[in-house]
$ cat run-v1.txt   # compact mmCIF, C-alpha atoms
# COMPACT_ATOMS: atom_id res chain seq x y z
CA MET A 1 69.04 292.84 193.64
CA GLU A 2 65.40 293.36 192.81
CA LEU A 3 63.14 290.35 193.39
CA GLY A 4 62.53 289.84 189.68
CA SER A 5 66.27 289.87 188.98
CA VAL A 6 66.95 287.18 191.58
CA ARG A 7 64.15 285.00 190.24
CA SER A 8 65.56 285.27 186.72
CA LEU A 9 69.08 284.51 187.96
CA LYS A 10 67.80 281.49 189.91
CA ALA A 11 66.03 280.07 186.87
CA ASP A 12 69.08 280.63 184.68
CA ILE A 13 71.50 278.97 187.11
CA LYS A 14 69.11 276.07 187.71
CA ALA A 15 69.04 275.37 183.98
CA SER A 16 72.68 276.05 183.09
CA VAL A 17 74.56 274.92 186.24
CA ILE A 18 72.42 272.74 188.52
CA GLY A 19 70.77 270.67 185.79
CA PRO A 20 73.98 269.61 184.02
CA MET A 21 75.70 269.06 187.37
CA ASN A 22 72.98 266.69 188.58
CA GLU A 23 73.37 264.59 185.45
CA SER A 24 77.13 264.23 185.76
CA ALA A 25 78.70 260.92 186.80
CA GLU A 26 80.80 262.76 189.38
CA VAL A 27 77.74 264.09 191.20
CA ARG A 28 75.93 260.75 190.97
CA ALA A 29 78.89 259.27 192.82
CA LEU A 30 78.61 261.96 195.49
CA GLY A 31 74.94 261.03 195.90
CA MET A 32 75.94 257.51 196.89
CA GLN A 33 77.73 258.97 199.92
CA VAL A 34 74.43 260.34 201.24
CA GLY A 35 72.39 257.15 201.12
CA PRO A 36 72.06 253.76 199.45
CA ALA A 37 70.99 253.55 195.85
CA ALA A 38 67.49 252.52 196.92
CA ASP A 39 67.12 255.90 198.66
CA ALA A 40 68.36 258.01 195.80
CA PRO A 41 65.88 260.46 194.27
CA ALA A 42 65.80 261.36 190.58
CA ALA A 43 68.52 263.92 191.37
CA PRO A 44 70.90 263.35 194.31
CA PRO A 45 71.23 265.96 197.08
CA THR A 46 73.38 268.69 195.57
CA ILE A 47 72.52 272.39 195.67
CA ALA A 48 69.13 273.92 196.39
CA LEU A 49 68.40 277.45 195.19
CA GLY A 50 66.01 280.02 196.60
CA VAL A 51 65.59 283.70 197.33
CA ALA A 52 66.86 285.30 200.54
CA PRO A 53 66.22 288.77 201.91
CA LYS A 54 69.10 291.25 202.04
CA ASN A 55 69.61 293.73 204.87
CA ASP A 56 68.19 296.52 202.74
CA LYS A 57 64.39 296.50 202.62
CA GLY A 58 63.13 295.31 199.28
CA GLN A 59 66.47 293.89 198.13
CA PHE A 60 67.28 290.19 197.74
CA VAL A 61 70.11 287.77 197.10
CA LEU A 62 70.31 284.26 195.70
CA ALA A 63 70.04 281.62 198.47
CA VAL A 64 72.46 278.77 197.79
CA ARG A 65 71.96 275.73 200.04
CA ILE A 66 74.65 273.06 199.70
CA GLN A 67 73.46 269.56 200.61
CA ASN A 68 76.66 267.59 200.05
CA ARG A 69 80.05 268.40 201.63
CA GLY A 70 81.81 267.40 198.45
CA LEU A 71 80.33 270.42 196.67
CA GLU A 72 81.30 273.15 199.13
CA ASN A 73 84.43 274.16 197.20
CA SER A 74 83.25 272.96 193.82
CA ARG A 75 83.58 274.77 190.51
CA GLU A 76 79.78 274.93 190.36
CA VAL A 77 79.56 276.97 193.57
CA ALA A 78 82.36 279.20 192.31
CA ALA A 79 80.46 279.66 189.04
CA ILE A 80 77.27 280.55 190.91
CA ARG A 81 79.11 283.14 193.01
CA LYS A 82 80.60 284.66 189.87
CA ARG A 83 77.29 284.74 187.99
CA ALA A 84 75.57 286.35 190.98
CA LYS A 85 78.40 288.89 191.36
CA GLY A 86 78.68 288.04 195.03
CA GLU A 87 74.97 288.63 195.71
CA VAL A 88 74.56 285.24 197.38
CA ASP A 89 73.80 283.70 200.76
CA VAL A 90 75.65 280.35 200.78
CA GLN A 91 75.08 277.81 203.58
CA TYR A 92 75.74 274.11 204.04
CA ILE A 93 72.54 272.41 205.26
CA GLY A 94 73.20 268.72 204.66
CA VAL A 95 70.07 266.61 204.11
CA PRO A 96 67.20 267.73 206.38
CA VAL A 97 64.83 265.07 207.66
CA LYS A 98 61.08 264.88 208.15
CA ARG A 99 60.30 266.23 211.61
CA ALA A 100 59.21 262.91 213.15
CA ALA A 101 58.99 262.11 216.84
CA VAL A 102 61.61 262.29 219.58
CA PRO A 103 61.05 261.62 223.31
CA TRP A 104 58.77 264.34 224.65
CA GLY A 105 55.62 263.62 226.64
CA ARG A 106 52.29 264.87 225.39
CA LYS A 107 48.92 264.34 227.02
CA PRO A 108 45.35 264.07 225.71
CA VAL A 109 44.02 267.49 224.71
CA ARG A 110 40.25 268.04 224.67
CA PRO A 111 38.99 269.99 222.94
CA LEU A 112 41.54 269.35 220.20
CA LYS A 113 43.84 272.32 219.70
CA ILE A 114 46.40 273.54 217.21
CA GLY A 115 49.85 272.25 218.22
CA CYS A 116 48.89 269.08 220.10
CA SER A 117 50.30 265.59 219.57
CA ILE A 118 48.57 263.56 216.88
CA GLY A 119 49.33 260.72 214.48
CA HIS A 120 48.26 257.77 212.39
CA ILE A 121 47.91 254.59 214.44
CA LYS A 122 51.23 253.29 213.02
CA VAL A 123 53.14 256.58 213.33
CA THR A 124 55.03 257.70 216.44
CA ALA A 125 53.64 261.24 216.75
CA GLY A 126 53.50 264.58 215.02
CA THR A 127 51.60 267.83 215.37
CA LEU A 128 48.01 268.83 214.67
CA GLY A 129 48.51 271.80 212.38
CA ALA A 130 45.11 273.38 211.94
CA PHE A 131 41.44 272.79 211.20
CA VAL A 132 40.25 273.12 207.62
CA GLN A 133 36.96 272.90 205.76
CA ALA A 134 36.40 270.78 202.66
CA ARG A 135 35.43 272.88 199.65
CA ALA A 136 33.11 270.17 198.36
CA ASP A 137 30.84 269.63 201.36
CA GLY A 138 31.97 271.94 204.17
CA GLU A 139 33.13 269.16 206.51
CA VAL A 140 35.62 270.33 209.14
CA LEU A 141 38.85 268.30 209.08
CA ILE A 142 42.24 267.99 210.81
CA LEU A 143 45.27 269.16 208.81
CA SER A 144 48.80 267.82 209.25
CA ASN A 145 51.55 266.17 207.16
CA ASN A 146 51.25 263.03 205.04
CA HIS A 147 54.00 261.44 207.12
CA VAL A 148 52.04 262.21 210.31
CA LEU A 149 48.51 261.21 209.26
CA ALA A 150 49.13 258.87 206.31
CA ASN A 151 52.39 257.14 207.25
CA GLU A 152 54.23 258.17 204.06
CA ASN A 153 51.61 256.87 201.61
CA LYS A 154 51.27 253.53 203.42
CA ALA A 155 47.95 254.31 205.10
CA LYS A 156 44.47 253.92 203.67
CA LYS A 157 41.31 255.94 203.98
CA GLY A 158 39.54 255.17 207.25
CA ASP A 159 42.65 254.36 209.28
CA ALA A 160 42.48 255.53 212.89
CA ILE A 161 44.05 258.85 213.92
CA LEU A 162 45.14 259.08 217.56
CA GLN A 163 45.47 262.04 219.93
CA PRO A 164 47.90 261.92 221.57
CA GLY A 165 50.01 260.06 219.03
CA LYS A 166 51.13 256.51 219.65
CA TYR A 167 54.55 257.54 221.03
CA ASP A 168 52.85 259.76 223.59
CA GLY A 169 50.66 256.96 224.91
CA GLY A 170 47.77 257.12 222.48
CA SER A 171 45.98 253.83 221.82
CA LEU A 172 42.69 252.40 220.63
CA PRO A 173 39.92 252.90 221.38
CA ASP A 174 40.20 255.78 223.86
CA SER A 175 42.60 257.97 221.86
CA LYS A 176 40.89 257.75 218.48
CA VAL A 177 39.79 261.24 217.41
CA GLY A 178 39.19 260.68 213.71
CA GLU A 179 40.05 258.79 210.54
CA LEU A 180 42.34 259.46 207.62
CA LEU A 181 40.37 260.97 204.75
CA ARG A 182 42.90 261.83 202.01
CA PHE A 183 46.50 262.80 201.43
CA ILE A 184 48.80 264.11 198.72
CA ARG A 185 51.10 261.27 197.71
CA LEU A 186 54.80 261.75 198.33
CA LYS A 187 56.71 261.13 195.10
CA ARG A 188 60.12 259.48 194.91
CA GLU A 189 60.50 260.42 191.26
CA GLY A 190 60.23 264.05 190.24
CA THR A 191 59.48 266.85 192.68
CA ASN A 192 57.01 267.39 195.52
CA LEU A 193 55.28 270.60 196.53
CA VAL A 194 53.63 269.55 199.80
CA ASP A 195 53.69 266.94 202.55
CA ALA A 196 50.05 267.12 203.59
CA ALA A 197 46.98 265.14 204.62
CA VAL A 198 43.58 265.61 206.25
CA ALA A 199 41.54 263.48 208.63
CA THR A 200 37.92 263.50 209.75
CA ILE A 201 36.95 264.40 213.30
CA ALA A 202 35.02 261.74 215.19
CA GLU A 203 31.54 262.46 216.45
CA LYS A 204 31.45 264.05 219.93
CA ILE A 205 35.15 265.08 219.72
CA GLU A 206 35.25 268.81 220.40
CA TYR A 207 37.84 271.11 218.89
CA ASP A 208 39.10 274.67 219.26
CA ALA A 209 40.01 275.94 215.80
CA ARG A 210 41.51 279.30 216.74
CA THR A 211 43.53 279.16 219.95
CA LEU A 212 47.29 279.51 219.45
CA THR A 213 48.51 278.71 222.94
CA GLY A 214 50.82 281.48 224.11
CA LEU A 215 50.12 283.67 221.06
CA GLY A 216 46.43 284.49 221.01
CA LYS A 217 43.86 283.66 218.35
CA LEU A 218 44.45 282.56 214.76
CA ALA A 219 43.52 285.57 212.64
CA GLY A 220 43.00 283.95 209.24
CA LEU A 221 44.97 283.09 206.12
CA GLY A 222 48.14 285.06 205.44
CA ASP A 223 49.62 286.44 202.25
CA ALA A 224 50.68 284.10 199.46
CA ALA A 225 54.38 284.96 199.79
CA LEU A 226 56.77 285.37 202.70
CA MET A 227 59.87 287.50 202.29
CA ASP A 228 62.02 290.26 203.73
CA GLY A 229 62.99 288.26 206.84
CA ASP A 230 59.36 288.08 207.95
CA ALA A 231 58.89 287.15 211.62
CA VAL A 232 57.02 283.88 212.14
CA ALA A 233 55.98 281.59 214.97
CA LYS A 234 54.63 278.08 215.44
CA ILE A 235 53.22 275.82 218.14
CA GLY A 236 54.45 272.24 217.90
CA ARG A 237 54.18 269.01 219.83
CA THR A 238 57.86 268.92 220.79
CA THR A 239 59.09 272.49 221.20
CA GLY A 240 55.81 274.28 221.87
CA LEU A 241 55.83 277.95 220.94
CA THR A 242 58.91 279.06 219.01
CA ARG A 243 59.65 282.19 217.01
CA GLY A 244 61.86 282.70 214.01
CA ARG A 245 62.33 284.48 210.72
CA VAL A 246 62.16 283.55 207.07
CA THR A 247 65.68 283.10 205.69
CA ALA A 248 64.73 282.07 202.14
CA PHE A 249 61.68 281.39 200.01
CA GLU A 250 60.87 279.77 196.67
CA VAL A 251 63.58 277.22 197.52
CA ASP A 252 63.84 274.53 194.81
CA ASP A 253 65.55 271.13 194.72
CA VAL A 254 65.83 270.75 198.49
CA VAL A 255 66.19 267.04 199.29
CA ILE A 256 64.59 265.67 202.47
CA ARG A 257 65.22 262.29 204.08
CA TYR A 258 62.13 260.10 204.62
CA ASP A 259 61.60 256.43 205.36
CA LEU A 260 60.58 256.28 201.70
CA GLY A 261 64.01 257.57 200.72
CA LEU A 262 65.35 260.93 199.64
CA LEU A 263 62.57 263.13 198.27
CA THR A 264 62.94 266.39 196.36
CA PHE A 265 60.78 269.46 197.07
CA ASN A 266 60.29 272.72 195.17
CA ASP A 267 58.97 276.16 196.18
CA GLN A 268 59.62 275.74 199.89
CA ILE A 269 60.03 278.25 202.72
CA GLU A 270 63.16 278.19 204.90
CA ILE A 271 63.10 279.43 208.51
CA GLU A 272 65.66 279.84 211.30
CA GLY A 273 64.92 280.08 215.01
CA GLU A 274 65.11 283.24 217.07
CA GLY A 275 67.97 283.65 219.56
CA ASP A 276 69.90 280.50 220.43
CA GLU A 277 67.13 277.98 219.84
CA PRO A 278 66.07 276.00 216.75
CA PHE A 279 62.70 276.81 215.22
CA SER A 280 61.70 273.14 215.32
CA ARG A 281 62.75 269.66 216.40
CA GLY A 282 61.56 266.15 215.67
CA GLY A 283 57.86 265.73 216.39
CA ASP A 284 56.99 269.27 215.28
CA SER A 285 56.00 268.03 211.82
CA GLY A 286 52.60 269.33 210.81
CA SER A 287 52.86 272.54 212.84
CA LEU A 288 51.02 275.56 211.51
CA ILE A 289 53.32 278.54 210.96
CA VAL A 290 51.87 282.02 211.42
CA GLY A 291 53.16 285.50 210.72
CA ALA A 292 53.50 288.37 213.18
CA ASP A 293 49.81 289.15 212.59
CA ARG A 294 48.85 285.58 213.60
CA ARG A 295 47.67 284.76 210.09
CA ALA A 296 48.56 281.27 208.85
CA VAL A 297 51.27 281.11 206.20
CA ALA A 298 52.92 277.67 206.07
CA LEU A 299 52.91 274.02 207.16
CA LEU A 300 56.12 272.75 208.77
CA PHE A 301 57.40 269.39 207.55
CA ALA A 302 61.20 269.06 207.82
CA GLY A 303 64.37 270.44 209.33
CA GLY A 304 68.00 269.85 210.09
CA ASP A 305 70.67 270.68 212.63
CA LEU A 306 72.92 272.56 210.21
CA GLY A 307 72.81 276.14 208.95
CA GLY A 308 71.20 279.31 210.23
CA SER A 309 72.90 282.37 211.69
CA ASN A 310 72.61 280.84 215.18
CA GLY A 311 74.04 277.49 214.07
CA LYS A 312 70.95 275.64 215.34
CA GLY A 313 69.70 274.46 211.97
CA LEU A 314 67.01 275.39 209.48
CA THR A 315 63.35 274.40 209.15
CA TYR A 316 61.44 273.85 205.90
CA ALA A 317 57.75 274.44 205.31
CA ASN A 318 55.16 274.23 202.53
CA PRO A 319 53.37 277.48 201.60
CA LEU A 320 49.94 277.07 203.17
CA ARG A 321 47.98 278.32 200.18
CA THR A 322 49.56 275.56 198.09
CA VAL A 323 48.65 272.98 200.76
CA LEU A 324 45.03 274.14 200.85
CA ASP A 325 44.68 274.12 197.08
CA GLU A 326 46.24 270.67 196.73
CA LEU A 327 43.86 269.23 199.34
CA LYS A 328 40.87 271.29 198.13
CA VAL A 329 40.17 272.74 201.57
CA ASP A 330 40.06 276.17 203.21
CA LEU A 331 41.35 277.29 206.60
CA PHE A 332 38.59 276.99 209.21
CA LEU A 333 38.24 279.53 212.02
CA GLY A 334 35.01 278.32 213.59
$ encode --input "run-v1.txt" --output "structure tokens"
Amino acid sequence: MELGSVRSLKADIKASVIGPMNESAEVRALGMQVGPAADAPAAPPTIALGVAPKNDKGQFVLAVRIQNRGLENSREVAAIRKRAKGEVDVQYIGVPVKRAAVPWGRKPVRPLKIGCSIGHIKVTAGTLGAFVQARADGEVLILSNNHVLANENKAKKGDAILQPGKYDGGSLPDSKVGELLRFIRLKREGTNLVDAAVATIAEKIEYDARTLTGLGKLAGLGDAALMDGDAVAKIGRTTGLTRGRVTAFEVDDVVIRYDLGLLTFNDQIEIEGEGDEPFSRGGDSGSLIVGADRRAVALLFAGGDLGGSNGKGLTYANPLRTVLDELKVDLFLG
């Protein structure tokens, strides 16, 4: 299908199939199997819809991402297949989780670099995504996720940011590299677009804004949209340099597990790893994702162990232009 046709089909199915399904008592009961009532978002994890590239250049199919086993053989999925006339990419992904820390040593990195361990003083560890510049006053800042720098809304402006993160041995005062400046609040009700925050850089802390270890130099800001199975790469605290490809974009209603509960995100990018490896693991949250031209395109924030053509799971990322606009910053290249 043409891109416009898939977008129209997605909007139609979201309104006529997904919306009514999410309001049904049957689906609400399924939601209770995923987590306690206190975790439940406005809509329980059901089916996320996006756009996926087809083998033919310039052609697309509807991406259908099932988040509850009870819906795999449901009448709703059958109805979606019928409406799309078979032009679908259906995968079970379960409920992805924020990419928080797992055991993996990381050392102090000076000057600060893209991909190193970082985190709020009360967070285990995540990844320093990039360096950005405030539109208001030109100050250079650290970019990562809310759940890495702002502890899922629990932090306050001025809190210490450590490099390496606490899990990797970071502690006060030696590991303090900056302070939390602002973040986009994660919402339990309604939908989220980004998981993002920025922090100041302490005086005398040097930084390298362009080096992508193992890839070369960051070349700038990429295009607004990713599609057609675009090749991408990232450098993260846990898995280092990994490569992958975009498997879907404009993904709506994808539910992610946080300490806050189950949060719903719209307009996300989905990525699978190259070869037999996952694109990301826990601790890679906040990683900057770049295209084949080394231009920045997305900010990694979540992933799971299910789905993908290699069976190693799928990663989810915020479009970087949306992140920058929400935080009122621009990518900084030095």
$ closest_residue --input "run-v1.txt" --among "A:Ser144, A:Thr242, A:Gln91, A:Ser175" --to "A:Asn318" --atoms "only C-alpha atoms"
A:Ser144
$ closest_residue --input "run-v1.txt" --among "A:Arg182, A:Arg294, A:Arg69, A:Arg188" --to "A:Phe265" --atoms "all atoms listed in the file"
A:Arg188
$ residues_around --input "run-v1.txt" --residues "A:Gly291" --least-positions-apart "2" --cutoff "8 Å" --atoms "all atoms listed in the file" --output "ChimeraX atom specification"
/A:222,230-233,289,293-297
$ write_last_selection --input "run-v1.txt" --atoms "C-alpha atoms" --output "PDB file, in the coordinates of the input"
ATOM      1  CA  GLY A 222      48.140 285.060 205.440  1.00  0.00           C
ATOM      2  CA  ASP A 230      59.360 288.080 207.950  1.00  0.00           C
ATOM      3  CA  ALA A 231      58.890 287.150 211.620  1.00  0.00           C
ATOM      4  CA  VAL A 232      57.020 283.880 212.140  1.00  0.00           C
ATOM      5  CA  ALA A 233      55.980 281.590 214.970  1.00  0.00           C
ATOM      6  CA  ILE A 289      53.320 278.540 210.960  1.00  0.00           C
ATOM      7  CA  ASP A 293      49.810 289.150 212.590  1.00  0.00           C
ATOM      8  CA  ARG A 294      48.850 285.580 213.600  1.00  0.00           C
ATOM      9  CA  ARG A 295      47.670 284.760 210.090  1.00  0.00           C
ATOM     10  CA  ALA A 296      48.560 281.270 208.850  1.00  0.00           C
ATOM     11  CA  VAL A 297      51.270 281.110 206.200  1.00  0.00           C
TER      12      VAL A 297
END
$ closest_residue --input "run-v1.txt" --among "A:Val90, A:Met1, A:Ile205, A:Ala196" --to "A:Thr127" --atoms "all atoms listed in the file"
A:Ala196
$ closest_atom_pairs --input "run-v1.txt" --of "stretch 94-182 of chain A" --to "stretch 57-66 of chain A" --cutoff "12 Å" --atoms "all atoms listed in the file" --output "JSON lines"
{"residue": "A:Gly94", "atom": "CA", "partner": "A:Ile66", "partner_atom": "CA", "distance": 6.7}
{"residue": "A:Val95", "atom": "CA", "partner": "A:Ile66", "partner_atom": "CA", "distance": 9.1}
{"residue": "A:Pro96", "atom": "CA", "partner": "A:Arg65", "partner_atom": "CA", "distance": 11.3}
$ closest_residue --input "run-v1.txt" --among "A:Gly129, A:Gly286, A:Gly229, A:Pro111" --to "A:Asn145" --atoms "all atoms listed in the file"
A:Gly286
$ decode --input "run-v1.txt" --residues "stretch 191-217 of chain A" --atoms "N, CA, C and O atoms" --output "PDB file, in the first residue's frame"
ATOM      1  N   THR A 191      -1.897   9.768  26.843  1.00  0.00           N
ATOM      2  CA  THR A 191      -0.751   9.232  26.112  1.00  0.00           C
ATOM      3  C   THR A 191       0.481  10.117  26.267  1.00  0.00           C
ATOM      4  O   THR A 191       0.381  11.315  26.496  1.00  0.00           O
ATOM      5  N   ASN A 192       1.644   9.489  26.115  1.00  0.00           N
ATOM      6  CA  ASN A 192       2.932  10.169  26.151  1.00  0.00           C
ATOM      7  C   ASN A 192       3.544  10.177  24.751  1.00  0.00           C
ATOM      8  O   ASN A 192       3.292   9.265  23.948  1.00  0.00           O
ATOM      9  N   LEU A 193       4.357  11.180  24.491  1.00  0.00           N
ATOM     10  CA  LEU A 193       5.102  11.240  23.236  1.00  0.00           C
ATOM     11  C   LEU A 193       6.588  10.973  23.452  1.00  0.00           C
ATOM     12  O   LEU A 193       7.250  10.405  22.583  1.00  0.00           O
ATOM     13  N   VAL A 194       7.120  11.401  24.603  1.00  0.00           N
ATOM     14  CA  VAL A 194       8.553  11.260  24.856  1.00  0.00           C
ATOM     15  C   VAL A 194       8.822  10.875  26.305  1.00  0.00           C
ATOM     16  O   VAL A 194       8.007  11.131  27.196  1.00  0.00           O
ATOM     17  N   ASP A 195       9.969  10.268  26.515  1.00  0.00           N
ATOM     18  CA  ASP A 195      10.533  10.010  27.831  1.00  0.00           C
ATOM     19  C   ASP A 195      11.880  10.724  27.811  1.00  0.00           C
ATOM     20  O   ASP A 195      12.876  10.160  27.345  1.00  0.00           O
ATOM     21  N   ALA A 196      11.912  11.978  28.284  1.00  0.00           N
ATOM     22  CA  ALA A 196      13.091  12.797  28.040  1.00  0.00           C
ATOM     23  C   ALA A 196      13.346  13.796  29.159  1.00  0.00           C
ATOM     24  O   ALA A 196      12.422  14.267  29.818  1.00  0.00           O
ATOM     25  N   ALA A 197      14.631  14.128  29.342  1.00  0.00           N
ATOM     26  CA  ALA A 197      15.047  15.108  30.338  1.00  0.00           C
ATOM     27  C   ALA A 197      16.408  15.665  29.950  1.00  0.00           C
ATOM     28  O   ALA A 197      17.150  15.060  29.160  1.00  0.00           O
ATOM     29  N   VAL A 198      16.742  16.818  30.531  1.00  0.00           N
ATOM     30  CA  VAL A 198      18.060  17.413  30.322  1.00  0.00           C
ATOM     31  C   VAL A 198      18.667  17.806  31.663  1.00  0.00           C
ATOM     32  O   VAL A 198      17.956  18.102  32.627  1.00  0.00           O
ATOM     33  N   ALA A 199      19.984  17.814  31.697  1.00  0.00           N
ATOM     34  CA  ALA A 199      20.725  18.199  32.899  1.00  0.00           C
ATOM     35  C   ALA A 199      21.833  19.164  32.528  1.00  0.00           C
ATOM     36  O   ALA A 199      22.357  19.137  31.403  1.00  0.00           O
ATOM     37  N   THR A 200      22.195  20.019  33.477  1.00  0.00           N
ATOM     38  CA  THR A 200      23.315  20.934  33.265  1.00  0.00           C
ATOM     39  C   THR A 200      24.628  20.161  33.340  1.00  0.00           C
ATOM     40  O   THR A 200      24.679  19.021  33.822  1.00  0.00           O
ATOM     41  N   ILE A 201      25.679  20.788  32.876  1.00  0.00           N
ATOM     42  CA  ILE A 201      27.026  20.210  32.962  1.00  0.00           C
ATOM     43  C   ILE A 201      27.833  21.058  33.946  1.00  0.00           C
ATOM     44  O   ILE A 201      27.916  22.287  33.801  1.00  0.00           O
ATOM     45  N   ALA A 202      28.397  20.403  34.946  1.00  0.00           N
ATOM     46  CA  ALA A 202      29.123  21.120  35.992  1.00  0.00           C
ATOM     47  C   ALA A 202      30.351  21.833  35.429  1.00  0.00           C
ATOM     48  O   ALA A 202      30.961  21.400  34.438  1.00  0.00           O
ATOM     49  N   GLU A 203      30.710  22.916  36.075  1.00  0.00           N
ATOM     50  CA  GLU A 203      31.893  23.667  35.677  1.00  0.00           C
ATOM     51  C   GLU A 203      33.128  22.771  35.735  1.00  0.00           C
ATOM     52  O   GLU A 203      33.270  21.936  36.637  1.00  0.00           O
ATOM     53  N   LYS A 204      33.989  22.907  34.767  1.00  0.00           N
ATOM     54  CA  LYS A 204      35.257  22.172  34.628  1.00  0.00           C
ATOM     55  C   LYS A 204      35.073  20.727  34.150  1.00  0.00           C
ATOM     56  O   LYS A 204      36.056  19.992  34.016  1.00  0.00           O
ATOM     57  N   ILE A 205      33.810  20.275  33.917  1.00  0.00           N
ATOM     58  CA  ILE A 205      33.601  18.948  33.343  1.00  0.00           C
ATOM     59  C   ILE A 205      33.643  19.077  31.828  1.00  0.00           C
ATOM     60  O   ILE A 205      32.813  19.763  31.215  1.00  0.00           O
ATOM     61  N   GLU A 206      34.610  18.444  31.209  1.00  0.00           N
ATOM     62  CA  GLU A 206      34.749  18.517  29.762  1.00  0.00           C
ATOM     63  C   GLU A 206      33.833  17.502  29.091  1.00  0.00           C
ATOM     64  O   GLU A 206      33.448  16.498  29.695  1.00  0.00           O
ATOM     65  N   TYR A 207      33.506  17.766  27.843  1.00  0.00           N
ATOM     66  CA  TYR A 207      32.632  16.857  27.106  1.00  0.00           C
ATOM     67  C   TYR A 207      33.009  16.850  25.629  1.00  0.00           C
ATOM     68  O   TYR A 207      33.550  17.815  25.100  1.00  0.00           O
ATOM     69  N   ASP A 208      32.733  15.727  24.999  1.00  0.00           N
ATOM     70  CA  ASP A 208      32.971  15.525  23.569  1.00  0.00           C
ATOM     71  C   ASP A 208      31.606  15.298  22.938  1.00  0.00           C
ATOM     72  O   ASP A 208      31.007  14.233  23.092  1.00  0.00           O
ATOM     73  N   ALA A 209      31.096  16.285  22.227  1.00  0.00           N
ATOM     74  CA  ALA A 209      29.715  16.249  21.743  1.00  0.00           C
ATOM     75  C   ALA A 209      29.527  15.468  20.449  1.00  0.00           C
ATOM     76  O   ALA A 209      28.383  15.227  20.051  1.00  0.00           O
ATOM     77  N   ARG A 210      30.589  15.038  19.804  1.00  0.00           N
ATOM     78  CA  ARG A 210      30.415  14.455  18.471  1.00  0.00           C
ATOM     79  C   ARG A 210      30.883  13.010  18.317  1.00  0.00           C
ATOM     80  O   ARG A 210      30.424  12.308  17.417  1.00  0.00           O
ATOM     81  N   THR A 211      31.786  12.551  19.165  1.00  0.00           N
ATOM     82  CA  THR A 211      32.336  11.208  18.959  1.00  0.00           C
ATOM     83  C   THR A 211      31.288  10.121  19.203  1.00  0.00           C
ATOM     84  O   THR A 211      30.667  10.066  20.264  1.00  0.00           O
ATOM     85  N   LEU A 212      31.106   9.272  18.200  1.00  0.00           N
ATOM     86  CA  LEU A 212      30.283   8.066  18.300  1.00  0.00           C
ATOM     87  C   LEU A 212      31.252   6.897  18.274  1.00  0.00           C
ATOM     88  O   LEU A 212      31.676   6.458  17.199  1.00  0.00           O
ATOM     89  N   THR A 213      31.635   6.426  19.421  1.00  0.00           N
ATOM     90  CA  THR A 213      32.694   5.427  19.532  1.00  0.00           C
ATOM     91  C   THR A 213      32.405   4.213  18.655  1.00  0.00           C
ATOM     92  O   THR A 213      31.384   3.551  18.789  1.00  0.00           O
ATOM     93  N   GLY A 214      33.304   3.936  17.731  1.00  0.00           N
ATOM     94  CA  GLY A 214      33.152   2.808  16.819  1.00  0.00           C
ATOM     95  C   GLY A 214      32.426   3.152  15.533  1.00  0.00           C
ATOM     96  O   GLY A 214      32.388   2.335  14.605  1.00  0.00           O
ATOM     97  N   LEU A 215      31.863   4.365  15.458  1.00  0.00           N
ATOM     98  CA  LEU A 215      31.118   4.768  14.255  1.00  0.00           C
ATOM     99  C   LEU A 215      31.739   5.951  13.534  1.00  0.00           C
ATOM    100  O   LEU A 215      31.661   6.046  12.310  1.00  0.00           O
ATOM    101  N   GLY A 216      32.317   6.871  14.269  1.00  0.00           N
ATOM    102  CA  GLY A 216      32.838   8.093  13.668  1.00  0.00           C
ATOM    103  C   GLY A 216      32.322   9.314  14.408  1.00  0.00           C
ATOM    104  O   GLY A 216      32.240   9.316  15.634  1.00  0.00           O
ATOM    105  N   LYS A 217      31.949  10.340  13.669  1.00  0.00           N
ATOM    106  CA  LYS A 217      31.486  11.586  14.263  1.00  0.00           C
ATOM    107  C   LYS A 217      30.001  11.802  13.975  1.00  0.00           C
ATOM    108  O   LYS A 217      29.522  11.530  12.874  1.00  0.00           O
TER     109      LYS A 217
END
